[in-house]
>>> print(open('coords-v2.pdb').read())   # PDB, C-alpha atoms
MODEL        1
ATOM      1  CA  MET A   1      -2.617 -30.699  12.901
ATOM      2  CA  THR A   2      -3.701 -27.038  13.043
ATOM      3  CA  LEU A   3      -6.965 -26.331  14.818
ATOM      4  CA  GLN A   4      -9.305 -23.744  13.332
ATOM      5  CA  ILE A   5     -12.229 -21.790  14.759
ATOM      6  CA  SER A   6     -14.688 -24.136  13.063
ATOM      7  CA  ASP A   7     -13.205 -27.072  14.995
ATOM      8  CA  PHE A   8     -14.555 -25.700  18.285
ATOM      9  CA  ARG A   9     -18.097 -25.623  19.627
ATOM     10  CA  PHE A  10     -19.287 -22.651  21.665
ATOM     11  CA  GLN A  11     -22.481 -22.309  23.664
ATOM     12  CA  ASN A  12     -22.711 -18.660  22.628
ATOM     13  CA  ALA A  13     -23.294 -18.531  18.873
ATOM     14  CA  ARG A  14     -21.747 -15.045  18.611
ATOM     15  CA  VAL A  15     -18.293 -16.207  19.691
ATOM     16  CA  PRO A  16     -17.177 -17.838  16.390
ATOM     17  CA  ASP A  17     -18.252 -14.758  14.409
ATOM     18  CA  LEU A  18     -16.364 -12.470  16.788
ATOM     19  CA  LEU A  19     -13.262 -14.627  16.510
ATOM     20  CA  ARG A  20     -13.462 -14.529  12.727
ATOM     21  CA  ASP A  21     -13.831 -10.750  12.859
ATOM     22  CA  ALA A  22     -10.741 -10.651  15.063
ATOM     23  CA  ALA A  23      -8.881 -12.777  12.509
ATOM     24  CA  ARG A  24     -10.005 -10.519   9.642
ATOM     25  CA  TRP A  25      -8.790  -7.363  11.381
ATOM     26  CA  ARG A  26      -5.538  -9.066  12.329
ATOM     27  CA  LEU A  27      -4.949 -10.207   8.756
ATOM     28  CA  LEU A  28      -5.703  -6.732   7.407
ATOM     29  CA  GLY A  29      -3.231  -5.259   9.861
ATOM     30  CA  ARG A  30      -0.544  -7.785   8.989
ATOM     31  CA  LEU A  31      -0.889  -7.002   5.282
ATOM     32  CA  PHE A  32       0.424  -3.495   6.053
ATOM     33  CA  GLU A  33       3.501  -4.787   7.878
ATOM     34  CA  CYS A  34       6.968  -5.326   6.465
ATOM     35  CA  PRO A  35       7.217  -8.811   4.861
ATOM     36  CA  SER A  36       9.369 -11.518   6.415
ATOM     37  CA  GLU A  37       9.314 -15.308   6.524
ATOM     38  CA  GLN A  38       7.341 -15.277   9.781
ATOM     39  CA  TRP A  39       4.986 -12.733   8.236
ATOM     40  CA  ARG A  40       4.267 -15.090   5.339
ATOM     41  CA  ARG A  41       3.503 -17.929   7.717
ATOM     42  CA  ASP A  42       1.196 -15.729   9.774
ATOM     43  CA  ILE A  43      -0.627 -14.493   6.677
ATOM     44  CA  ALA A  44      -1.316 -18.080   5.602
ATOM     45  CA  THR A  45      -2.489 -19.093   9.086
ATOM     46  CA  LEU A  46      -4.856 -16.141   9.431
ATOM     47  CA  ALA A  47      -6.269 -16.586   5.927
ATOM     48  CA  ALA A  48      -7.221 -20.150   6.848
ATOM     49  CA  GLU A  49      -9.374 -18.871   9.729
ATOM     50  CA  ILE A  50     -11.680 -16.571   7.766
ATOM     51  CA  ASP A  51     -14.476 -16.996   5.274
ATOM     52  CA  ASP A  52     -13.756 -14.032   3.031
ATOM     53  CA  ALA A  53     -12.821 -14.647  -0.601
ATOM     54  CA  GLU A  54     -11.604 -11.073  -1.249
ATOM     55  CA  LEU A  55      -9.386 -10.925   1.812
ATOM     56  CA  ASP A  56      -8.093 -14.412   1.113
ATOM     57  CA  ALA A  57      -7.162 -13.325  -2.423
ATOM     58  CA  ALA A  58      -5.289 -10.301  -1.060
ATOM     59  CA  ALA A  59      -3.378 -12.548   1.319
ATOM     60  CA  GLU A  60      -2.497 -14.951  -1.497
ATOM     61  CA  ALA A  61      -1.265 -12.094  -3.688
ATOM     62  CA  ALA A  62       0.787 -10.735  -0.798
ATOM     63  CA  SER A  63       2.469 -14.088  -0.215
ATOM     64  CA  VAL A  64       3.629 -14.096  -3.840
ATOM     65  CA  THR A  65       4.517 -10.465  -4.594
ATOM     66  CA  ALA A  66       5.387  -8.722  -1.312
ATOM     67  CA  THR A  67       9.049  -7.861  -0.719
ATOM     68  CA  GLU A  68      10.881  -5.778   1.849
ATOM     69  CA  GLY A  69      12.157  -3.404  -0.824
ATOM     70  CA  LEU A  70       8.675  -2.857  -2.217
ATOM     71  CA  TYR A  71       7.303  -2.257   1.277
ATOM     72  CA  HIS A  72       9.884   0.441   2.035
ATOM     73  CA  SER A  73       9.431   2.080  -1.357
ATOM     74  CA  VAL A  74       5.748   2.583  -0.532
ATOM     75  CA  PHE A  75       5.659   3.146   3.232
ATOM     76  CA  GLY A  76       9.213   4.215   4.057
ATOM     77  CA  PRO A  77      10.348   7.808   4.699
ATOM     78  CA  GLY A  78       9.417   9.940   1.694
ATOM     79  CA  GLY A  79       7.263   7.157   0.240
ATOM     80  CA  PRO A  80       3.970   7.960  -1.495
ATOM     81  CA  ALA A  81       1.709   6.343   1.113
ATOM     82  CA  PRO A  82       2.212   7.479   4.718
ATOM     83  CA  PRO A  83       1.010   4.588   6.921
ATOM     84  CA  ARG A  84       0.472   6.681  10.081
ATOM     85  CA  GLU A  85      -2.750   8.344  11.224
ATOM     86  CA  VAL A  86      -1.065  11.627  12.067
ATOM     87  CA  SER A  87      -0.317  12.177   8.351
ATOM     88  CA  TYR A  88      -4.044  12.394   7.551
ATOM     89  CA  HIS A  89      -5.171  14.990  10.096
ATOM     90  CA  ASP A  90      -5.535  18.562   8.900
ATOM     91  CA  SER A  91      -4.693  19.801  12.401
ATOM     92  CA  ILE A  92      -3.603  17.749  15.402
ATOM     93  CA  GLU A  93      -0.680  17.679  17.778
ATOM     94  CA  LEU A  94       1.334  14.478  17.631
ATOM     95  CA  GLY A  95       1.675  14.377  21.411
ATOM     96  CA  SER A  96      -2.088  14.610  21.852
ATOM     97  CA  LEU A  97      -2.694  11.789  19.390
ATOM     98  CA  MET A  98      -0.055   9.571  20.989
ATOM     99  CA  SER A  99      -1.532  10.243  24.429
ATOM    100  CA  GLU A 100      -5.019   9.292  23.274
ATOM    101  CA  LEU A 101      -3.786   6.081  21.650
ATOM    102  CA  ALA A 102      -1.746   5.206  24.742
ATOM    103  CA  GLY A 103      -4.902   5.636  26.803
ATOM    104  CA  TYR A 104      -6.826   3.228  24.586
ATOM    105  CA  TYR A 105      -4.055   0.642  24.456
ATOM    106  CA  GLY A 106      -3.276   0.837  28.149
ATOM    107  CA  ALA A 107      -6.916   0.539  29.219
ATOM    108  CA  PHE A 108      -7.211  -2.827  27.475
ATOM    109  CA  GLY A 109      -3.670  -4.115  28.000
ATOM    110  CA  TYR A 110      -2.773  -3.992  24.306
ATOM    111  CA  ARG A 111       0.984  -4.348  23.835
ATOM    112  CA  PRO A 112       1.792  -4.877  20.137
ATOM    113  CA  THR A 113       5.108  -6.581  19.437
ATOM    114  CA  THR A 114       6.227  -4.279  16.651
ATOM    115  CA  ASN A 115       8.684  -1.497  15.981
ATOM    116  CA  GLU A 116       5.991   0.588  14.273
ATOM    117  CA  ALA A 117       4.528   3.747  15.829
ATOM    118  CA  PRO A 118       1.271   3.501  17.822
ATOM    119  CA  ASP A 119      -0.630   5.305  15.039
ATOM    120  CA  HIS A 120       0.642   3.003  12.270
ATOM    121  CA  VAL A 121      -2.189   1.427  10.274
ATOM    122  CA  SER A 122      -1.053  -2.099  11.165
ATOM    123  CA  VAL A 123      -1.008  -1.301  14.902
ATOM    124  CA  GLU A 124      -4.450   0.296  14.849
ATOM    125  CA  ALA A 125      -5.985  -2.564  12.853
ATOM    126  CA  GLY A 126      -4.294  -4.973  15.260
ATOM    127  CA  PHE A 127      -5.962  -3.189  18.182
ATOM    128  CA  LEU A 128      -9.390  -3.686  16.628
ATOM    129  CA  SER A 129      -8.557  -7.367  16.231
ATOM    130  CA  TYR A 130      -7.545  -7.463  19.891
ATOM    131  CA  LEU A 131     -10.796  -5.804  21.000
ATOM    132  CA  HIS A 132     -12.890  -8.277  19.016
ATOM    133  CA  PHE A 133     -10.944 -11.108  20.636
ATOM    134  CA  LYS A 134     -11.559  -9.559  24.075
ATOM    135  CA  GLU A 135     -15.254  -9.315  23.256
ATOM    136  CA  ALA A 136     -15.343 -12.954  22.129
ATOM    137  CA  PHE A 137     -13.577 -14.096  25.306
ATOM    138  CA  ALA A 138     -16.010 -12.129  27.479
ATOM    139  CA  GLU A 139     -19.015 -13.533  25.600
ATOM    140  CA  ALA A 140     -17.694 -17.074  26.000
ATOM    141  CA  ALA A 141     -17.246 -16.464  29.733
ATOM    142  CA  GLY A 142     -20.764 -15.059  30.093
ATOM    143  CA  GLU A 143     -19.455 -11.584  30.985
ATOM    144  CA  ALA A 144     -21.921  -9.471  29.022
ATOM    145  CA  GLU A 145     -20.810  -6.153  30.547
ATOM    146  CA  HIS A 146     -17.155  -6.704  29.643
ATOM    147  CA  ALA A 147     -18.162  -7.782  26.146
ATOM    148  CA  ALA A 148     -20.204  -4.614  25.691
ATOM    149  CA  THR A 149     -17.292  -2.466  26.891
ATOM    150  CA  ALA A 150     -14.953  -4.024  24.325
ATOM    151  CA  ALA A 151     -17.538  -3.669  21.549
ATOM    152  CA  GLN A 152     -18.172  -0.004  22.344
ATOM    153  CA  ALA A 153     -14.454   0.742  22.474
ATOM    154  CA  ALA A 154     -13.975  -0.958  19.093
ATOM    155  CA  ASP A 155     -16.708   1.164  17.508
ATOM    156  CA  ARG A 156     -15.295   4.410  18.917
ATOM    157  CA  PHE A 157     -11.713   3.594  18.017
ATOM    158  CA  ARG A 158     -12.619   2.534  14.495
ATOM    159  CA  ALA A 159     -14.565   5.745  13.862
ATOM    160  CA  ASP A 160     -12.204   8.170  15.624
ATOM    161  CA  HIS A 161      -8.862   6.742  14.532
ATOM    162  CA  LEU A 162      -8.646   4.007  11.913
ATOM    163  CA  ALA A 163     -11.300   5.643   9.722
ATOM    164  CA  VAL A 164      -9.179   8.801   9.603
ATOM    165  CA  LEU A 165      -6.453   7.119   7.569
ATOM    166  CA  ALA A 166      -8.098   4.101   5.919
ATOM    167  CA  SER A 167     -10.004   5.852   3.119
ATOM    168  CA  PRO A 168      -7.292   8.353   2.096
ATOM    169  CA  LEU A 169      -4.671   5.605   2.273
ATOM    170  CA  ALA A 170      -6.807   3.504  -0.073
ATOM    171  CA  VAL A 171      -7.013   6.436  -2.504
ATOM    172  CA  VAL A 172      -3.241   6.774  -2.545
ATOM    173  CA  LEU A 173      -2.639   3.057  -2.980
ATOM    174  CA  ALA A 174      -5.307   2.619  -5.670
ATOM    175  CA  ASP A 175      -2.841   3.736  -8.351
ATOM    176  CA  SER A 176       0.208   2.031  -6.867
ATOM    177  CA  GLY A 177       0.042  -1.009  -9.132
ATOM    178  CA  ILE A 178       0.656  -3.275  -6.120
ATOM    179  CA  ASP A 179      -2.331  -5.581  -6.262
ATOM    180  CA  TYR A 180      -2.293  -6.877  -2.706
ATOM    181  CA  LEU A 181      -2.027  -3.376  -1.208
ATOM    182  CA  VAL A 182      -4.690  -2.024  -3.551
ATOM    183  CA  GLU A 183      -7.092  -4.735  -2.407
ATOM    184  CA  ALA A 184      -6.069  -4.709   1.250
ATOM    185  CA  SER A 185      -6.486  -0.931   1.502
ATOM    186  CA  ARG A 186      -9.860  -1.068  -0.235
ATOM    187  CA  LEU A 187     -11.096  -3.732   2.170
ATOM    188  CA  LEU A 188      -9.683  -1.849   5.148
ATOM    189  CA  ALA A 189     -11.465   1.351   4.096
ATOM    190  CA  ALA A 190     -14.749  -0.518   3.648
ATOM    191  CA  ARG A 191     -14.498  -1.990   7.152
ATOM    192  CA  ALA A 192     -13.285   1.212   8.806
ATOM    193  CA  GLY A 193     -15.999   3.430   7.328
ATOM    194  CA  ASP A 194     -15.961   7.090   6.327
ATOM    195  CA  PRO A 195     -13.503   9.423   8.075
ATOM    196  CA  PRO A 196     -15.122  11.596  10.776
ATOM    197  CA  ARG A 197     -13.410  14.725   9.516
ATOM    198  CA  ARG A 198     -11.666  16.054   6.424
ATOM    199  CA  ALA A 199      -8.524  14.029   5.802
ATOM    200  CA  LEU A 200      -5.456  15.053   3.883
ATOM    201  CA  LEU A 201      -4.251  13.325   0.748
ATOM    202  CA  PRO A 202      -0.476  13.062   0.311
ATOM    203  CA  MET A 203       1.029  13.692  -3.110
ATOM    204  CA  ILE A 204       0.637  10.527  -5.140
ATOM    205  CA  GLN A 205       3.853   9.123  -6.595
ATOM    206  CA  PRO A 206       4.475   5.698  -8.111
ATOM    207  CA  PRO A 207       6.472   3.452  -5.769
ATOM    208  CA  VAL A 208       9.803   2.208  -7.063
ATOM    209  CA  ASP A 209      11.269  -1.108  -5.937
ATOM    210  CA  ASP A 210      14.951  -0.998  -6.835
ATOM    211  CA  GLY A 211      15.548  -4.504  -5.513
ATOM    212  CA  SER A 212      17.401  -3.305  -2.417
ATOM    213  CA  GLU A 213      17.232  -5.490   0.656
ATOM    214  CA  PHE A 214      15.910  -3.936   3.864
ATOM    215  CA  PRO A 215      15.926  -6.026   7.032
ATOM    216  CA  CYS A 216      12.556  -6.387   8.727
ATOM    217  CA  CYS A 217      11.955  -7.731  12.202
ATOM    218  CA  ASP A 218       9.774 -10.841  12.461
ATOM    219  CA  THR A 219       6.760  -9.878  14.536
TER     220      THR A 219
ENDMDL
END
>>> encode(input="coords-v2.pdb", output="structure tokens")
Amino acid sequence: MTLQISDFRFQNARVPDLLRDAARWRLLGRLFECPSEQWRRDIATLAAEIDDAELDAAAEAASVTATEGLYHSVFGPGGPAPPREVSYHDSIELGSLMSELAGYYGAFGYRPTTNEAPDHVSVEAGFLSYLHFKEAFAEAAGEAEHAATAAQAADRFRADHLAVLASPLAVVLADSGIDYLVEASRLLAARAGDPPRRALLPMIQPPVDDGSEFPCCDT
């Protein structure tokens, strides 16, 4: 039997909502990862925890249509949709960006188990999920100051980092013809908000899945 958030009772009424927000961010992040069998299981588990018909539909479409070849044709080297934040800055040094992200992740003990770069969309969305979980844990423990710290960090990180790539990535993917990525990127952009500065738009090209097999690590 799999326990869900609704199976638990919390004294603080905010905790279940925070946990569902954490699950939504985690699911959004996972949708931008390379598909694998473990990935499909995780997508199904996370979708069961949320009350969001649009996100649930994106997860269902992903479970049916996502393939490793399709993923690499879109997000791989030379693909039409760069999945990293650095690609959407008009001027920034990679080392500076990596240092800032390392500072965020290190301050909260975030250690993603992935081979993707720290500025990859899935890693950044995963960090927001992690911060919402930290906030929920602090609220449940009655640690209001720690909860506020996590909430403030989530707001800053969302606005300063994830928002930089979410909207332009959604624009690129809108014409990709890949339904689950079209919907996932639209939902991600809506949750991330407007970018704080002018973002770049890569040249839009249709992705091509030639059926090749690319190994992906289960994460």
>>> resolve_selection(input="coords-v2.pdb", expression="the PyMOL selection byres ((chain A and resi 186) around 10)", output="JSON, numbers by chain")
{"A": [166, 167, 169, 170, 171, 173, 174, 180, 181, 182, 183, 184, 185, 187, 188, 189, 190, 191, 192]}
>>> closest_residue(input="coords-v2.pdb", among="A:Arg41, A:His146, A:Arg156, A:Arg14", to="Glu60 in chain A", atoms="all atoms listed in the file")
A:Arg41
>>> residues_around(input="coords-v2.pdb", residues="Pro112 in chain A", least_positions_apart="4", cutoff="10 Å", atoms="all atoms listed in the file", output="list in words")
Tyr105, Glu116, Pro118, Ser122, Val123, Glu124, Gly126, Phe127, Tyr130 and Thr219 of chain A
>>> axis_aligned_box(input="coords-v2.pdb", around="range 25-41 of chain A", padding_each_side="6 Å", output="AutoDock Vina command-line options")
--center_x 0.3 --center_y -10.7 --center_z 8.6 --size_x 30.2 --size_y 26.4 --size_z 19.5
>>> closest_residue(input="coords-v2.pdb", among="A:Ala62, A:Ala102, A:Ala13, A:Ala22", to="Lys134 in chain A", atoms="all atoms listed in the file")
A:Ala22
>>> atom_distance(input="coords-v2.pdb", atom1="CA of Glu139 in chain A", atom2="CA of Asp56 in chain A")
26.8 Å
>>> closest_residue(input="coords-v2.pdb", among="A:Leu19, A:Ala153, A:Val164, A:Leu70", to="Asp51 in chain A", atoms="all atoms listed in the file")
A:Leu19
>>> closest_residue(input="coords-v2.pdb", among="A:Asp90, A:Asp175, A:Asp194, A:Glu143", to="Ala159 in chain A", atoms="all atoms listed in the file")
A:Asp194
>>> residues_around(input="coords-v2.pdb", residues="His132 in chain A", least_positions_apart="3", cutoff="9 Å", atoms="all atoms listed in the file", output="PDB file with C-alpha atoms, in the coordinates of the input")
ATOM      1  CA  LEU A  18     -16.364 -12.470  16.788  1.00  0.00           C
ATOM      2  CA  LEU A  19     -13.262 -14.627  16.510  1.00  0.00           C
ATOM      3  CA  ARG A  20     -13.462 -14.529  12.727  1.00  0.00           C
ATOM      4  CA  ASP A  21     -13.831 -10.750  12.859  1.00  0.00           C
ATOM      5  CA  ALA A  22     -10.741 -10.651  15.063  1.00  0.00           C
ATOM      6  CA  ALA A  23      -8.881 -12.777  12.509  1.00  0.00           C
ATOM      7  CA  TRP A  25      -8.790  -7.363  11.381  1.00  0.00           C
ATOM      8  CA  PHE A 127      -5.962  -3.189  18.182  1.00  0.00           C
ATOM      9  CA  LEU A 128      -9.390  -3.686  16.628  1.00  0.00           C
ATOM     10  CA  SER A 129      -8.557  -7.367  16.231  1.00  0.00           C
ATOM     11  CA  GLU A 135     -15.254  -9.315  23.256  1.00  0.00           C
ATOM     12  CA  ALA A 136     -15.343 -12.954  22.129  1.00  0.00           C
ATOM     13  CA  PHE A 137     -13.577 -14.096  25.306  1.00  0.00           C
ATOM     14  CA  ALA A 147     -18.162  -7.782  26.146  1.00  0.00           C
ATOM     15  CA  ALA A 150     -14.953  -4.024  24.325  1.00  0.00           C
ATOM     16  CA  ALA A 151     -17.538  -3.669  21.549  1.00  0.00           C
ATOM     17  CA  ALA A 154     -13.975  -0.958  19.093  1.00  0.00           C
TER      18      ALA A 154
END
>>> closest_residue(input="coords-v2.pdb", among="A:Asp179, A:Ile50, A:Leu165, A:Gly76", to="His89 in chain A", atoms="all atoms listed in the file")
A:Leu165
>>> closest_residue(input="coords-v2.pdb", among="A:Thr67, A:Pro83, A:Ala53, A:Ser91", to="Ser36 in chain A", atoms="all atoms listed in the file")
A:Thr67
>>> atom_distance(input="coords-v2.pdb", atom1="CA of Arg26 in chain A", atom2="CA of Ala141 in chain A")
22.2 Å
>>> atom_distance(input="coords-v2.pdb", atom1="CA of Ala58 in chain A", atom2="CA of Phe108 in chain A")
29.6 Å
